[in-house]
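Below is the file work_12.txt, which contains compact mmCIF, C-alpha atoms.
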# COMPACT_ATOMS: atom_id res chain seq x y z
CA MET A 1 4.40 9.32 -2.47
CA PRO A 2 3.32 7.70 -5.69
CA THR A 3 -0.21 6.78 -6.58
CA ALA A 4 -1.41 4.25 -9.12
CA GLU A 5 -2.25 5.23 -12.69
CA LEU A 6 -5.89 5.36 -13.64
CA THR A 7 -7.31 6.08 -17.06
CA VAL A 8 -10.83 7.23 -17.89
CA LYS A 9 -11.45 3.92 -19.64
CA ALA A 10 -10.31 1.87 -16.64
CA LEU A 11 -12.57 3.86 -14.34
CA LEU A 12 -15.59 3.43 -16.62
CA ASP A 13 -14.95 -0.31 -16.94
CA ASP A 14 -14.60 -0.79 -13.18
CA ILE A 15 -17.44 1.47 -12.06
CA LYS A 16 -19.89 -0.63 -14.11
CA LYS A 17 -19.88 -3.06 -11.18
CA TYR A 18 -21.72 -0.47 -9.09
CA ILE A 19 -23.63 1.83 -11.47
CA ASP A 20 -24.58 1.68 -15.14
CA VAL A 21 -22.72 4.10 -17.40
CA GLU A 22 -22.92 4.94 -21.08
CA LEU A 23 -20.49 7.06 -23.04
CA LEU A 24 -22.31 9.86 -24.87
CA ALA A 25 -19.36 11.78 -26.33
CA GLY A 26 -15.63 12.35 -26.14
CA GLU A 27 -14.29 8.91 -27.01
CA LYS A 28 -10.93 10.58 -27.74
CA GLY A 29 -10.49 11.21 -24.03
CA LEU A 30 -10.73 7.59 -22.86
CA ALA A 31 -6.96 7.20 -22.58
CA ARG A 32 -6.61 10.29 -20.39
CA LYS A 33 -5.24 9.87 -16.88
CA ILE A 34 -7.30 10.77 -13.83
CA GLU A 35 -5.20 12.40 -11.15
CA LYS A 36 -7.63 14.10 -8.74
CA ARG A 37 -9.12 11.96 -6.03
CA TYR A 38 -12.45 13.76 -5.67
CA ILE A 39 -15.46 14.61 -7.74
CA ASN A 40 -17.05 17.99 -7.96
CA HIS A 41 -20.43 19.70 -8.51
CA PRO A 42 -20.02 22.61 -10.91
CA ALA A 43 -23.17 24.52 -9.84
CA TYR A 44 -21.41 27.79 -8.83
CA LEU A 45 -19.27 27.71 -11.94
CA LEU A 46 -22.35 27.38 -14.14
CA THR A 47 -23.84 30.48 -12.54
CA GLY A 48 -20.65 32.38 -13.34
CA TYR A 49 -18.65 32.32 -10.09
CA ASN A 50 -15.33 30.66 -10.93
CA LYS A 51 -13.00 31.64 -8.08
CA ASP A 52 -11.08 28.71 -6.51
CA PHE A 53 -12.76 26.27 -8.85
CA PRO A 54 -10.91 22.91 -9.06
CA VAL A 55 -9.46 22.08 -12.46
CA ASP A 56 -8.81 18.57 -13.82
CA SER A 57 -11.37 16.96 -11.53
CA ILE A 58 -14.40 14.90 -12.45
CA GLN A 59 -17.57 17.00 -12.72
CA LEU A 60 -21.00 15.66 -11.81
CA LEU A 61 -24.17 17.19 -13.23
CA GLY A 62 -27.38 16.35 -11.39
CA ASN A 63 -31.02 17.32 -11.74
CA ARG A 64 -30.56 20.98 -10.76
CA ASP A 65 -27.44 21.52 -12.89
CA ILE A 66 -29.06 20.15 -16.04
CA GLY A 67 -32.30 21.99 -15.18
CA PHE A 68 -30.40 25.24 -14.72
CA LEU A 69 -28.58 24.82 -18.04
CA SER A 70 -31.76 24.11 -20.00
CA ASN A 71 -33.45 27.14 -18.49
CA LEU A 72 -30.71 29.49 -19.67
CA LYS A 73 -30.93 31.42 -22.90
CA LYS A 74 -28.86 29.77 -25.62
CA LYS A 75 -26.06 32.35 -25.51
CA GLU A 76 -25.71 32.08 -21.72
CA ARG A 77 -25.88 28.31 -21.89
CA VAL A 78 -23.02 28.20 -24.41
CA GLY A 79 -21.01 30.45 -22.08
CA ALA A 80 -21.72 28.26 -19.00
CA ILE A 81 -20.74 25.10 -20.86
CA ALA A 82 -17.55 26.74 -22.17
CA ARG A 83 -16.65 27.68 -18.56
CA LEU A 84 -17.21 24.10 -17.47
CA LEU A 85 -15.11 22.64 -20.29
CA SER A 86 -12.32 25.15 -19.67
CA THR A 87 -11.67 23.54 -16.25
CA ASN A 88 -10.50 20.51 -18.23
CA PRO A 89 -12.35 17.72 -16.40
CA PRO A 90 -11.33 14.17 -17.37
CA ILE A 91 -14.99 13.12 -17.21
CA ILE A 92 -18.34 14.88 -17.02
CA VAL A 93 -21.00 12.62 -15.51
CA ILE A 94 -24.73 13.13 -15.77
CA SER A 95 -26.93 11.35 -13.23
CA TRP A 96 -30.60 10.26 -13.21
CA GLY A 97 -30.33 9.34 -16.93
CA LEU A 98 -30.93 12.99 -17.83
CA LYS A 99 -30.65 14.40 -21.32
CA PRO A 100 -27.65 16.72 -21.71
CA PRO A 101 -27.94 19.95 -23.71
CA ALA A 102 -26.82 19.52 -27.32
CA GLU A 103 -24.09 22.15 -26.82
CA LEU A 104 -22.51 20.01 -24.08
CA ILE A 105 -22.38 16.92 -26.29
CA LYS A 106 -20.81 18.95 -29.09
CA GLY A 107 -18.34 20.61 -26.75
CA CYS A 108 -17.23 17.30 -25.24
CA GLU A 109 -16.81 15.75 -28.68
CA ARG A 110 -14.67 18.70 -29.77
CA THR A 111 -12.45 18.85 -26.67
CA GLY A 112 -12.18 15.08 -26.13
CA ILE A 113 -13.68 15.22 -22.65
CA SER A 114 -15.59 12.01 -21.93
CA LEU A 115 -19.28 12.71 -21.36
CA VAL A 116 -20.92 9.89 -19.48
CA ARG A 117 -24.50 9.23 -18.35
CA SER A 118 -25.78 7.00 -15.59
CA SER A 119 -29.37 6.22 -14.62
CA ALA A 120 -28.36 6.17 -10.95
CA PRO A 121 -29.30 9.02 -8.57
CA THR A 122 -26.74 11.80 -8.07
CA TRP A 123 -25.85 10.76 -4.49
CA LYS A 124 -25.14 7.20 -5.60
CA VAL A 125 -22.96 8.25 -8.54
CA ARG A 126 -21.01 10.55 -6.23
CA GLU A 127 -20.64 8.03 -3.41
CA ASP A 128 -19.62 5.07 -5.56
CA THR A 129 -17.21 7.09 -7.71
CA GLN A 130 -15.67 8.73 -4.64
CA LEU A 131 -15.09 5.42 -2.85
CA TYR A 132 -13.64 3.94 -6.01
CA LEU A 133 -11.27 6.89 -6.54
CA GLU A 134 -10.08 6.86 -2.93
CA ASP A 135 -9.22 3.20 -3.24
CA LYS A 136 -7.59 3.38 -6.68
CA LEU A 137 -5.65 6.60 -6.18
CA ALA A 138 -4.60 5.98 -2.59
CA GLU A 139 -0.98 6.80 -1.75
CA PHE A 140 1.13 3.68 -1.62
CA THR A 141 4.58 2.48 -0.83
CA SER A 142 6.34 -0.86 -1.17
CA ILE A 143 7.94 -2.41 1.90
CA HIS A 144 10.43 -5.25 1.97
CA GLY A 145 8.88 -7.76 4.34
CA ASP A 146 6.07 -10.24 4.92
CA LEU A 147 2.50 -9.61 5.96
CA VAL A 148 0.66 -12.24 7.98
CA ASP A 149 -2.76 -12.16 9.60
CA VAL A 150 -2.07 -13.45 13.12
CA PHE A 151 -5.30 -13.98 15.09
CA GLY A 152 -6.82 -11.15 13.07
CA VAL A 153 -3.91 -8.76 13.67
CA GLY A 154 -2.09 -7.65 10.51
CA LEU A 155 1.55 -8.25 11.46
CA LEU A 156 4.17 -6.73 9.18
CA ILE A 157 7.41 -8.70 9.51
CA THR A 158 10.56 -6.86 8.47
CA GLY A 159 14.31 -7.38 8.73
CA GLU A 160 17.28 -7.67 6.43
CA SER A 161 17.56 -10.27 3.62
CA GLY A 162 18.14 -13.79 4.82
CA ILE A 163 17.18 -13.15 8.44
CA GLY A 164 14.18 -15.48 8.17
CA LYS A 165 11.06 -13.44 7.42
CA SER A 166 9.66 -15.96 4.94
CA GLU A 167 10.50 -18.86 7.26
CA LEU A 168 8.62 -17.13 10.07
CA ALA A 169 5.66 -16.47 7.76
CA LEU A 170 5.63 -20.15 6.78
CA ASP A 171 5.81 -21.21 10.42
CA LEU A 172 2.86 -18.96 11.23
CA VAL A 173 0.80 -20.31 8.31
CA GLU A 174 1.53 -23.81 9.58
CA ARG A 175 0.03 -22.79 12.91
CA GLY A 176 -3.19 -21.73 11.19
CA GLN A 177 -2.40 -18.05 10.50
CA ARG A 178 -2.85 -16.51 7.06
CA LEU A 179 -0.30 -15.14 4.59
CA ILE A 180 -1.07 -11.96 2.69
CA ALA A 181 2.29 -11.19 1.06
CA ASP A 182 5.86 -12.45 1.01
CA ASP A 183 8.95 -10.35 0.30
CA VAL A 184 7.14 -7.26 -1.02
CA VAL A 185 4.16 -5.71 0.73
CA ILE A 186 2.28 -2.97 -1.10
CA VAL A 187 0.95 -0.62 1.56
CA LYS A 188 -1.89 1.77 0.79
CA ARG A 189 -3.13 4.46 3.09
CA LYS A 190 -6.90 4.74 3.48
CA LYS A 191 -7.89 7.51 5.91
CA ASP A 192 -5.87 6.61 9.03
CA MET A 193 -5.57 2.96 8.09
CA LEU A 194 -2.79 1.07 6.35
CA ILE A 195 -3.89 -1.69 4.03
CA GLY A 196 -1.33 -4.23 2.87
CA GLU A 197 -1.51 -6.47 -0.15
CA GLU A 198 0.65 -8.51 -2.47
CA LEU A 199 2.44 -6.94 -5.42
CA GLU A 200 1.31 -9.81 -7.65
CA LYS A 201 -2.17 -9.27 -9.07
CA GLU A 202 -2.61 -12.43 -11.14
CA ASP A 203 -4.30 -15.18 -9.12
CA ILE A 204 -2.22 -17.98 -10.58
CA LEU A 205 1.02 -16.27 -9.51
CA ARG A 206 -0.16 -15.26 -6.04
CA HIS A 207 0.97 -16.37 -2.58
CA ASN A 208 4.32 -17.80 -3.53
CA LEU A 209 7.07 -17.77 -0.98
CA GLU A 210 10.78 -18.42 -1.22
CA ILE A 211 12.53 -20.51 1.40
CA ARG A 212 16.32 -20.73 1.29
CA GLY A 213 17.35 -24.26 0.43
CA VAL A 214 13.91 -25.19 -0.87
CA GLY A 215 13.05 -22.60 -3.51
CA ILE A 216 9.64 -21.26 -4.45
CA THR A 217 6.69 -22.85 -2.67
CA ASN A 218 3.02 -22.00 -3.07
CA VAL A 219 1.23 -21.44 0.21
CA ALA A 220 -2.24 -21.57 -1.35
CA VAL A 221 -1.57 -25.05 -2.75
CA LEU A 222 0.24 -26.41 0.30
CA PHE A 223 -2.08 -25.04 2.98
CA GLY A 224 -5.27 -24.33 1.08
CA ILE A 225 -7.60 -21.36 1.22
CA LYS A 226 -7.38 -21.11 5.01
CA GLY A 227 -3.69 -20.22 4.74
CA ILE A 228 -4.07 -17.11 2.58
CA ARG A 229 -5.71 -13.71 2.53
CA MET A 230 -5.86 -11.05 -0.20
CA HIS A 231 -5.43 -7.91 1.88
CA LYS A 232 -5.31 -6.91 5.51
CA ARG A 233 -5.10 -3.82 7.65
CA ILE A 234 -1.56 -3.53 9.01
CA GLU A 235 -1.68 -3.04 12.77
CA MET A 236 1.84 -3.82 13.99
CA GLN A 237 5.38 -4.10 12.73
CA MET A 238 7.73 -6.77 14.03
CA ASN A 239 11.34 -6.18 13.03
CA LEU A 240 13.71 -9.13 13.21
CA VAL A 241 17.30 -8.27 14.09
CA LYS A 242 20.46 -10.18 14.86
CA TRP A 243 21.17 -10.44 18.58
CA GLU A 244 23.62 -7.87 19.88
CA GLU A 245 24.97 -8.26 23.39
CA LYS A 246 25.12 -4.57 24.23
CA LYS A 247 21.87 -3.48 22.65
CA ASP A 248 18.97 -2.35 24.76
CA TYR A 249 15.82 -4.32 23.85
CA THR A 250 12.33 -3.71 25.20
CA ARG A 251 12.10 -5.56 28.50
CA THR A 252 9.01 -4.46 30.38
CA GLY A 253 6.72 -3.39 27.55
CA LEU A 254 5.75 -0.24 29.44
CA GLU A 255 7.10 2.11 26.79
CA ILE A 256 5.44 1.75 23.41
CA GLN A 257 7.65 2.08 20.35
CA GLU A 258 6.02 3.26 17.16
CA VAL A 259 6.88 3.38 13.50
CA ASN A 260 5.46 5.77 10.93
CA ILE A 261 4.34 4.47 7.54
CA LEU A 262 2.75 6.92 5.07
CA GLY A 263 1.97 9.25 7.98
CA VAL A 264 0.23 6.59 10.07
CA SER A 265 1.83 5.45 13.34
CA ILE A 266 1.61 1.80 14.34
CA PRO A 267 3.20 -0.08 17.26
CA TYR A 268 6.63 -1.50 16.54
CA ALA A 269 8.47 -4.35 18.20
CA GLU A 270 12.11 -5.23 17.63
CA VAL A 271 12.79 -8.89 18.24
CA PRO A 272 16.39 -10.14 18.48
CA LEU A 273 17.07 -13.60 17.04
CA VAL A 274 19.00 -16.15 19.06
CA PRO A 275 19.32 -19.87 18.35
CA GLY A 276 16.67 -21.97 20.04
CA LYS A 277 14.18 -19.15 20.33
CA ASN A 278 10.76 -19.99 18.90
CA ILE A 279 10.07 -16.91 16.88
CA ALA A 280 6.60 -18.01 15.65
CA THR A 281 5.39 -18.29 19.25
CA ILE A 282 6.79 -14.82 19.92
CA ALA A 283 4.98 -13.46 16.87
CA GLU A 284 1.70 -14.96 18.12
CA VAL A 285 2.27 -13.58 21.62
CA ILE A 286 3.00 -10.13 20.14
CA ALA A 287 -0.32 -10.27 18.26
CA MET A 288 -2.25 -11.53 21.31
CA THR A 289 -0.67 -8.92 23.60
CA TYR A 290 -1.68 -6.25 21.11
CA LEU A 291 -5.25 -7.60 21.00
CA SER A 292 -5.49 -7.68 24.77
CA LYS A 293 -4.04 -4.16 25.00
CA ILE A 294 -6.62 -2.67 22.65
CA GLY A 295 -9.22 -4.65 24.59
CA GLY A 296 -8.18 -2.68 27.68
CA CYS A 297 -5.95 -5.25 29.36
CA ASP A 298 -2.30 -4.14 29.34
CA PHE A 299 -0.23 -6.85 31.07
CA ALA A 300 2.82 -4.66 31.68
CA GLU A 301 0.72 -1.84 33.10
CA ILE A 302 -1.32 -4.16 35.35
CA TYR A 303 1.84 -5.82 36.62
CA GLN A 304 3.45 -2.46 37.36
CA LYS A 305 0.32 -1.23 39.22
CA GLU A 306 0.00 -4.39 41.32
CA LEU A 307 3.72 -4.44 42.05
CA LEU A 308 3.60 -0.86 43.33
CA LYS A 309 0.67 -1.79 45.61
CA LYS A 310 2.62 -4.76 46.95
CA LEU A 311 5.69 -2.64 47.59
CA ARG A 312 3.59 -0.10 49.50
CA ARG A 313 1.97 -2.86 51.60
CA GLN A 314 5.34 -4.35 52.46
CA GLY A 315 6.75 -0.93 53.27
CA LYS A 316 3.93 -0.36 55.78
CA LYS A 317 4.45 -3.81 57.34
CA TYR A 318 8.13 -3.20 57.97
CA SER A 319 7.62 0.23 59.46
CA LYS A 320 5.00 -1.34 61.79
CA LEU A 321 7.48 -4.06 62.84
CA GLU A 322 10.12 -1.46 63.58
CA GLU A 323 7.66 0.43 65.76
CA ASP A 324 6.91 -2.75 67.78
CA GLU A 325 10.52 -3.58 68.45
CA GLU A 326 11.23 -0.26 70.14
CA MET B 1 23.51 6.56 -2.83
CA TYR B 2 24.20 5.62 -6.44
CA GLU B 3 21.61 4.74 -9.07
CA LYS B 4 21.36 3.96 -12.74
CA LYS B 5 18.70 2.96 -15.24
CA ALA B 6 18.95 -0.25 -17.19
CA LYS B 7 16.91 -1.57 -20.11
CA ILE B 8 16.01 -5.24 -20.16
CA MET B 9 17.63 -6.72 -23.27
CA ASN B 10 17.07 -10.50 -23.21
CA SER B 11 13.93 -11.58 -25.04
CA LEU B 12 12.27 -13.45 -22.15
CA GLY B 13 12.74 -10.67 -19.63
CA ILE B 14 13.56 -11.32 -15.97
CA HIS B 15 12.18 -14.81 -15.40
CA ALA B 16 13.31 -17.30 -12.75
CA ARG B 17 16.86 -17.93 -14.01
CA PRO B 18 17.90 -14.30 -14.62
CA ALA B 19 16.27 -13.33 -11.32
CA SER B 20 18.37 -15.80 -9.39
CA MET B 21 21.51 -14.59 -11.22
CA LEU B 22 20.69 -11.02 -10.30
CA VAL B 23 19.96 -11.85 -6.66
CA LYS B 24 23.16 -13.85 -6.38
CA LEU B 25 25.19 -10.99 -7.83
CA ALA B 26 23.50 -8.36 -5.61
CA SER B 27 24.11 -10.49 -2.52
CA ASN B 28 27.86 -10.32 -3.13
CA PHE B 29 27.83 -6.65 -2.16
CA GLU B 30 27.65 -5.13 1.28
CA SER B 31 25.43 -2.25 0.12
CA LYS B 32 21.69 -2.24 0.32
CA VAL B 33 20.56 -2.77 -3.29
CA GLU B 34 17.08 -2.17 -4.64
CA LEU B 35 15.31 -2.30 -7.99
CA GLU B 36 12.51 0.02 -8.97
CA LYS B 37 9.91 -0.30 -11.70
CA ASP B 38 6.70 1.79 -11.98
CA ASP B 39 7.24 3.33 -8.50
CA ILE B 40 7.50 -0.15 -6.93
CA LYS B 41 10.73 -0.80 -5.05
CA VAL B 42 11.99 -4.27 -4.22
CA ASN B 43 15.06 -5.63 -2.48
CA ALA B 44 17.51 -6.92 -5.10
CA LYS B 45 18.87 -9.53 -2.69
CA SER B 46 15.54 -11.28 -2.39
CA ILE B 47 14.18 -13.32 -5.28
CA MET B 48 10.36 -13.10 -4.96
CA GLY B 49 10.40 -9.32 -5.19
CA VAL B 50 12.65 -9.36 -8.25
CA LEU B 51 10.33 -11.91 -9.90
CA MET B 52 7.13 -10.05 -9.01
CA LEU B 53 8.41 -6.89 -10.71
CA ALA B 54 7.69 -8.84 -13.92
CA SER B 55 10.25 -6.92 -16.01
CA GLU B 56 9.69 -7.71 -19.66
CA LYS B 57 12.04 -7.08 -22.58
CA GLY B 58 12.35 -3.40 -23.39
CA CYS B 59 11.21 -2.04 -20.03
CA GLU B 60 13.46 0.13 -17.91
CA ILE B 61 14.27 -0.47 -14.28
CA ILE B 62 16.25 1.63 -11.83
CA ILE B 63 19.06 -0.04 -9.90
CA ARG B 64 19.87 1.81 -6.69
CA ALA B 65 22.43 1.01 -4.02
CA GLU B 66 23.54 2.53 -0.76
CA GLY B 67 26.68 1.57 1.07
CA GLU B 68 30.43 1.32 0.68
CA ASP B 69 30.44 -0.61 -2.58
CA GLU B 70 27.33 1.04 -4.04
CA LYS B 71 28.90 2.09 -7.34
CA GLU B 72 30.40 -1.31 -8.01
CA ALA B 73 27.11 -3.03 -7.15
CA VAL B 74 25.03 -0.90 -9.52
CA GLU B 75 27.54 -1.05 -12.36
CA SER B 76 27.88 -4.82 -12.25
CA ILE B 77 24.09 -5.33 -12.18
CA VAL B 78 23.67 -2.96 -15.13
CA GLU B 79 26.34 -4.94 -16.96
CA LEU B 80 24.53 -8.22 -16.21
CA ILE B 81 21.27 -6.82 -17.56
CA GLU B 82 22.46 -4.82 -20.58
CA LYS B 83 25.79 -6.26 -21.72
CA ARG B 84 25.65 -9.89 -20.65
CA LYS B 85 21.87 -10.08 -21.18
CA PHE B 86 21.84 -12.68 -18.40
CA ASP B 87 24.01 -14.90 -20.65
CA GLU B 88 20.89 -15.78 -22.62
CA GLU B 89 21.63 -14.44 -26.09
Could you render the structure as structure tokens?
Amino acid sequence: MPTAELTVKALLDDIKKYIDVELLAGEKGLARKIEKRYINHPAYLLTGYNKDFPVDSIQLLGNRDIGFLSNLKKKERVGAIARLLSTNPPIIVISWGLKPPAELIKGCERTGISLVRSSAPTWKVREDTQLYLEDKLAEFTSIHGDLVDVFGVGLLITGESGIGKSELALDLVERGQRLIADDVVIVKRKKDMLIGEELEKEDILRHNLEIRGVGITNVAVLFGIKGIRMHKRIEMQMNLVKWEEKKDYTRTGLEIQEVNILGVSIPYAEVPLVPGKNIATIAEVIAMTYLSKIGGCDFAEIYQKELLKKLRRQGKKYSKLEEDEE
Amino acid sequence: MYEKKAKIMNSLGIHARPASMLVKLASNFESKVELEKDDIKVNAKSIMGVLMLASEKGCEIIIRAEGEDEKEAVESIVELIEKRKFDEE
């Protein structure tokens, strides 16, 4: 699965929202791509143990690392820094606003590894950078469909071209639901969650929707801020299909169908289209049934349980009657 | 499955008019047709996706089709993009 591209410069520009950073050396390396999703403490490597050490990942030097380096004799310090640089990190970050050893600055300048300093504590640098990397470098895929927030449930609407996904999305927005994306949904995996968003990133071009016979319409302008959302966790997929006489559609709702997207399973409903059927109402009922199910109230299951009880009661009654008749 | 790369040749890139030409052409085929740019895949029979790819002059996109007339579909879209340049120049 692909991940987005992230350069050192883009990371430094973005991370400024959370922590202050200044570039001390290695300006040459700003265009380099960051590929690893985690950041690392090089403490063991500095002491000389380099087995299984991750290459190409961001290295974070805190109080103890800098303290350890400055306490070393010059020759050993040069060796430790050379070991660190040989793992080819895209960035070396120093926390607490500490002063790096001169050899490190020189080494970074020579190798083009960006050396960055922040006044923030080590834990904060690690946490903020980690969260940022997980978001930016998350695995993603693009899905042909619409994503609508229906009563707080992220409903992914799929189906072949021209079946009426956009029309359904529009219908739902008209009923007070919120559109996230039309036609292309970019899905990112975050832990065991799927987050969907629009492919378009420029605000002015966002939330447009194409309706056959009408053309491009802008949901944000027509329905206002209440009709749109920027991203939403995807909780269910609703697949629209043409009605087929012989096909077996879900009738009771006792068996749950699931679909797997980026390794995450979500409930899946296939809804056949027939003229006169109000598909927006069905979409809302699907979302509400899902909500009630995760709230512990499964209609199909309750019905089945109560029906079995009733059948048992009736069975007893009849056997009693037969006894009386003799 | 059949796929081919195409380079956008017309100076304005794929804006509204070329996009609707492409979608119309793709819709003539039975095969499932998709376009890919920078790891993003969109359905070539649906206009918003084609527009949101924002394919400028000089960029390369992959045209991929799957179905009975896959080869014909890909070749004619490549021709529209590279040879006919969306009838713009």
Chain B residues near chain A within 7 Å, closest pair each, using all atoms listed in the file, as a Markdown table:
| residue | atom | partner | partner_atom | distance |
| --- | --- | --- | --- | --- |
| B:Asp39 | CA | A:Pro2 | CA | 6.5 |
| B:Ile40 | CA | A:Ser142 | CA | 5.9 |
| B:Lys41 | CA | A:Ser142 | CA | 5.9 |
| B:Val42 | CA | A:His144 | CA | 6.5 |
| B:Asn43 | CA | A:His144 | CA | 6.4 |
| B:Lys45 | CA | A:Ser161 | CA | 6.5 |
| B:Ser46 | CA | A:Ser161 | CA | 6.4 |
| B:Met48 | CA | A:Asp183 | CA | 6.1 |
| B:Gly49 | CA | A:Val184 | CA | 5.7 |
| B:Met52 | CA | A:Glu200 | CA | 6.0 |
Residue neighbourhood Cys59 (chain B), 12 Å, only C-alpha atoms, exclusion window fewer than 6 positions, as an MDAnalysis selection string: chainID B and resid 5:14 36:38 53 81:82
CA of Leu69 (chain A) and CA of Tyr38 (chain A), how far apart in Å?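 Between CA of Tyr38 (chain A) and CA of Leu69 (chain A) the gap works out to 23.1 Å.
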Provide the CA of Gln59 (chain A) to CA of Gly112 (chain A) distance in Å, to one decimal place.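 About the pair CA of Gln59 (chain A) and CA of Gly112 (chain A): they are 14.6 Å apart.
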So, with all atoms listed in the file as the atoms that count, which of A:Thr129, A:Phe151, A:Ala283, A:Tyr290 lies closest to Lys36 (chain A)?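 Among the listed residues, A:Thr129 lies closest to Lys36 (chain A).
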Skipping near chain neighbours, those fewer than 6 positions away, what residues fall within 7 Å of Ala19 (chain B) using all atoms listed in the file, listed as a VMD selection string? chain B and resid 47 50 to 51
C-alpha atoms of the current selection, written as a short mmCIF file (atom, residue, chain, number, x, y, z; two decimals), keeping the file's coordinate frame:
data_model
loop_
_atom_site.label_atom_id
_atom_site.label_comp_id
_atom_site.auth_asym_id
_atom_site.auth_seq_id
_atom_site.Cartn_x
_atom_site.Cartn_y
_atom_site.Cartn_z
CA ILE B 47 14.18 -13.32 -5.28
CA VAL B 50 12.65 -9.36 -8.25
CA LEU B 51 10.33 -11.91 -9.90
#
Residues near Val264 (chain A), cut-off 12 Å, all atoms listed in the file, skip fewer than 4 positions along chain, as a JSON list (two decimals) with C-alpha atoms, in the coordinates of the input:
[["chain", "number", "residue", "atom", "x", "y", "z"],
["A", 139, "GLU", "CA", -0.98, 6.80, -1.75],
["A", 187, "VAL", "CA", 0.95, -0.62, 1.56],
["A", 188, "LYS", "CA", -1.89, 1.77, 0.79],
["A", 189, "ARG", "CA", -3.13, 4.46, 3.09],
["A", 190, "LYS", "CA", -6.90, 4.74, 3.48],
["A", 191, "LYS", "CA", -7.89, 7.51, 5.91],
["A", 192, "ASP", "CA", -5.87, 6.61, 9.03],
["A", 193, "MET", "CA", -5.57, 2.96, 8.09],
["A", 194, "LEU", "CA", -2.79, 1.07, 6.35],
["A", 195, "ILE", "CA", -3.89, -1.69, 4.03],
["A", 233, "ARG", "CA", -5.10, -3.82, 7.65],
["A", 234, "ILE", "CA", -1.56, -3.53, 9.01],
["A", 235, "GLU", "CA", -1.68, -3.04, 12.77],
["A", 236, "MET", "CA", 1.84, -3.82, 13.99],
["A", 258, "GLU", "CA", 6.02, 3.26, 17.16],
["A", 259, "VAL", "CA", 6.88, 3.38, 13.50],
["A", 260, "ASN", "CA", 5.46, 5.77, 10.93]]
Find the distance between CA of Leu222 (chain A) and CA of Leu168 (chain A) and write it in Å to one decimal. 15.9 Å
Test item: residues at most 10 Å from region 64-69 of chain B, only C-alpha atoms, excluding those fewer than 5 positions along its chain, as a list of chain:residue names: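 After dropping sequence-adjacent residues, the list is B:Met1, B:Tyr2, B:Glu3, B:Lys4, B:Lys5, B:Ala26, B:Phe29, B:Glu30, B:Ser31, B:Lys32, B:Val33, B:Glu34, B:Leu35, B:Glu36, B:Lys41, B:Asn43, B:Ala44, B:Val74, B:Glu75, B:Ile77.
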Between B:Ile63, B:Ala54, B:Leu22, B:Ser27, which has the minimum distance to Arg84 (chain B) (counting only C-alpha atoms)?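 Between B:Ile63, B:Ala54, B:Leu22, B:Ser27, the residue approaching Arg84 (chain B) most closely is B:Leu22.
The residue that comes closest to Lys17 (chain A), out of A:Tyr132, A:Tyr249, A:Trp243, A:Phe223 and on the basis of all atoms listed in the file, is A:Tyr132.
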